[in-house]
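Visitor: Can you read through this structure? Questions will come right after.
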Amino acid sequence: MVRCLFLLTLFIHTLHAHRDFFTSIGQMTDLLYTEKDLVTSLKEYIRQEENRLEQVKQWADKVDSLTNTATQDPEGYLGHPVNAFKLMKRLNSEWADLESLVLKDTTNGFISNLTTQRQFFPTDEDQTGAAKALLRLQDTYQLSANTISTGDLPGVVHKSRMTVEDCFELGKIAYSEADYYHTELWMAQALTQLDEGEESIIDKVTVMDYLSYSIYQQGELMRALELTKRMLNLDPNHNRANGNLKYFEFQLEKQRNAEEEKKENEVKKSEEKVLDKRDAQRKRSKDPLPERKKYEMLCRGEGLKLTPSRQSRLFCRYFDNNRNPQLLLAPVKMEDEWDRPHIVRYHDIISESEIETVKEIAKPKLRRATISNPITGVLETAPYRISKSAWLSAYEHSTIERINQRIEVVTGLEMDTAEELQVANYGVGGQYEPHFDFGRKDEPDAFKELGTGNRIATWLFYMSDVSAGGATVFTDVGAAVWPKKGTAVFWYNLFASGEGDYSTRHAACPVLVGNKWVSNKWIHERGQEFRRPCGLTETK
């Protein structure tokens, strides 16, 4: 019993430490087991309730039969002394017992369990974060609301459909962020499913109320007016719709008078119209990412800039790092992924057992990934980095030490001044938008506290395959590297001169389907003086 209480307490403390569930698929799995436990508890409550109601039903049937017989000849019936006694007994004792049975509370076990677990449930922030992730995936991979709602995503094993309530909730979250572009998409999907006959507690008028307003906010007065008229056909007394009808008609007439001479510009390509509306939403939300379109294209596998001539100069080879003794008998498999900057991939560089060990050590330590504020230097969470990470030291486990040694042998770079191994697990639509790994000139104190100089290179292990999405893209040069379990990619962030290579600006694309685990090693300048001598020119 004491052991069970200890394990329950440990599980609760673990859940408590794992808030921001939406930022890590790996830790969200805990919630499935929590829900499974609650369902078991709920079923036990239902069994007890059904048993109680069955007893009440049997009692009612018995008394109903007795009273039907007795009321046909009350005096004759009560003339039998046993019947008279049993009537007294029933009304004095048995009905009291029945009252106790009816009032019996069988909810204690379930409610107690639910109350205990509820304090560790996902929060409103988690629900909003997961909703925004769906919108991000929709934009990045150019998915229609219907595609997402029907669950027809690439690589999906466990298909799941969205209900009208799901679509409506997604639209409401977008609406609360003044994101009228996505509000329209999801309210329109909810309305379509209602029109197709799906049963829902959400009515059409409520959906059209949000839809017409979001369309109006995007400047489409005629469509907003048509929807408002449809609303009034369903609910003629709708106050807001009646007010909006007059307002929209007035504004539309005003707009027609002002734009009569511009009618020739009204015909636009339908595909451009959607993009224009999304661009308008970006301007409204003051999107800080200048290369978002390029970033999203690369995530979809579009816009790659490697010409056939450059492709012909990329090779696969067995690599022993200038006849390093540890690689002579077992050279590593090395593949050129890109030429400028030079990005290489090492195949079969980390084993399945090593991956599982790293994940097992990291899981209890996973915390919401942070970024360093370029102005204050303070670590803080950011909406453009959706993942959880943990730092693992070599002294924690021999596997971590062995991995560090392997990176040193393959790269030829000193690991004593490198940062600890960082393990990251991405959440729903997990991503890390375009960034640099090295400190720029406008960030002179980026790694000052480490005392090891700038980040000279990045080593990135892929510890899982990803069904769809999740590529590492280099936005400046148009490169994309796709996750492959057991491999690692490596590149230099600095030229040999110590100057930053701005072509290494990169991003982790949103995970569309699957669970993405990576671990990376950031290697610093100090200790590399003789391993990578300084270049004589700035960009070499």
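Residue names in the structure tokens use chain letters A, B, ... in the order shown, residue numbers from 1 in each chain, and ligand numbers from 1 in the order shown.
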List the neighbours of Arg531 (chain A) out to 9 Å using only C-alpha atoms; skip same-chain residues closer than 6 positions along the sequence, and give me the result as number ranges by chain.

Guide: A: 412-414

Visitor: Could those selected residues go to a file with C-alpha atoms, as a PDB file, in the first residue's frame?

Guide:
```pdb
ATOM      1  CA  GLY A 412      38.151  16.214 -34.964  1.00  0.00           C
ATOM      2  CA  LEU A 413      36.948  18.998 -32.651  1.00  0.00           C
ATOM      3  CA  GLU A 414      37.478  19.363 -28.891  1.00  0.00           C
TER       4      GLU A 414
END
```

Visitor: Please return, as a PyMOL selection string, all residues of region 249-443 of chain A that DSSP assigns to strand (DSSP E) on the basis of the backbone.

Guide: chain A and resi 316-319+332-338+343-347+367-368+371-372+379-380+387-392+421-426+432-435

Visitor: I want to know what sits within 10 Å of Leu234 (chain A), based on only C-alpha atoms, with residues of the same chain fewer than 5 positions away left out; could you give that as a list in words?

Guide: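 Here the qualifying residues turn out to be Lys204, Val205 and Lys229 of chain A.
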
Visitor: Rounded to one decimal place, report the CA of Met187 (chain A)-CA of Met162 (chain A) distance in Å.

Guide: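 Going from CA of Met187 (chain A) over to CA of Met162 (chain A) covers 12.7 Å.
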
Visitor: Which is closer to Ala362 (chain A) than all the others in A:Val518, A:Ala70, A:Ala471, A:Ala241, using only C-alpha atoms?

Guide: A:Val518

Visitor: Show me, as number ranges by chain, the residues that have an atom within 12 Å of Glu356 (chain A) when counting only C-alpha atoms, minus same-chain residues fewer than 2 positions from it.

Guide: A: 350-354, 358-363, 399-400, 423, 463-464, 485-486, 517-518

Visitor: Now that the selection is made, can you save its residues with C-alpha atoms as a compact mmCIF listing (two decimals), in the first residue's frame?

Guide:
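Listing of out38.txt after writing:
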```
# COMPACT_ATOMS: atom_id res chain seq x y z
CA ILE A 350 23.87 6.30 -33.16
CA SER A 351 22.34 2.93 -32.29
CA GLU A 352 18.77 2.08 -31.33
CA SER A 353 19.81 1.19 -27.77
CA GLU A 354 21.73 4.46 -27.40
CA VAL A 358 19.21 9.03 -24.14
CA LYS A 359 15.40 9.38 -24.29
CA GLU A 360 14.95 7.51 -21.00
CA ILE A 361 17.42 9.80 -19.21
CA ALA A 362 15.99 12.94 -20.81
CA LYS A 363 12.24 12.37 -20.33
CA THR A 399 26.28 6.32 -23.09
CA ILE A 400 26.39 10.14 -23.06
CA VAL A 423 17.79 16.51 -26.17
CA MET A 463 16.54 10.07 -32.93
CA SER A 464 13.25 9.29 -34.66
CA LYS A 485 16.49 7.92 -37.40
CA GLY A 486 20.04 6.95 -36.48
CA TRP A 517 13.17 13.49 -31.17
CA VAL A 518 16.55 15.12 -31.77
```

Visitor: Taking only C-alpha atoms into account, produce a table as a Markdown table in which each residue of region 325-348 of chain A with an atom at most 12 Å from an atom of region 289-313 of chain A appears once, together with its shortest atom pair and the distance in Å to one decimal, ordered by chain and rising number.

Guide:
```
| residue | atom | partner | partner_atom | distance |
| --- | --- | --- | --- | --- |
| A:Glu335 | CA | A:Arg313 | CA | 11.3 |
| A:Asp336 | CA | A:Arg313 | CA | 8.7 |
| A:Glu337 | CA | A:Gln311 | CA | 9.1 |
| A:Trp338 | CA | A:Leu306 | CA | 8.0 |
| A:Asp339 | CA | A:Arg310 | CA | 7.4 |
| A:Arg340 | CA | A:Arg310 | CA | 9.6 |
| A:Pro341 | CA | A:Leu306 | CA | 11.8 |
| A:His342 | CA | A:Arg313 | CA | 11.5 |
```

Visitor: Mind checking DSSP for region 85-171 of chain A and telling me the helix (DSSP H, G or I) residues as a PyMOL selection string?

Guide: chain A and resi 85-103+108-118+124-140+145-150+164-171

Visitor: Considering only C-alpha atoms, return as a PyMOL selection string whatever protein or nucleic-acid residues lie within 8 Å of region 455-461 of chain A, sequence-local ones (same chain, fewer than 5 positions apart) excluded.

Guide: chain A and resi 350+407+437-439+486-494+498+518-525

Visitor: If I take CA of Val56 (chain A) and CA of Leu98 (chain A), how far is one from the other in Å, to one decimal?

Guide: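 Between CA of Val56 (chain A) and CA of Leu98 (chain A) the gap works out to 7.2 Å.
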
Visitor: Do you know which residues are at most 6 Å from Met334 (chain A) counting only C-alpha atoms, after dropping those on the same chain fewer than 2 positions away, and could you put them as JSON, numbers by chain?

Guide: {"A": [316, 317, 318, 345, 346]}

Visitor: Suppose you want the space between CA of Val63 (chain A) and CA of Ile46 (chain A); what is it in Å?

Guide: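 According to the coordinates, CA of Val63 (chain A) and CA of Ile46 (chain A) are separated by 25.6 Å.
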
Visitor: Set the distance at 8 Å and use only C-alpha atoms: which residues neighbour Met208 (chain A) once local chain neighbours fewer than 6 positions away are removed? I'd like the list as JSON, numbers by chain.

Guide: {"A": [187, 191, 227, 228, 231]}

Visitor: Please produce, as a Markdown table, a per-residue contact table for region 93-150 of chain A versus region 379-397 of chain A (criterion: any atom at most 12 Å away, only C-alpha atoms considered), showing the nearest atom pair and its distance in Å to one decimal, sorted by chain then residue number.

Guide:
```
| residue | atom | partner | partner_atom | distance |
| --- | --- | --- | --- | --- |
| A:Glu125 | CA | A:Pro383 | CA | 11.7 |
| A:Asp126 | CA | A:Ile386 | CA | 11.6 |
| A:Thr128 | CA | A:Pro383 | CA | 11.7 |
| A:Gly129 | CA | A:Pro383 | CA | 8.9 |
| A:Ala130 | CA | A:Ile386 | CA | 10.3 |
| A:Lys132 | CA | A:Pro383 | CA | 9.8 |
| A:Ala133 | CA | A:Ile386 | CA | 9.0 |
| A:Arg136 | CA | A:Tyr384 | CA | 10.5 |
```
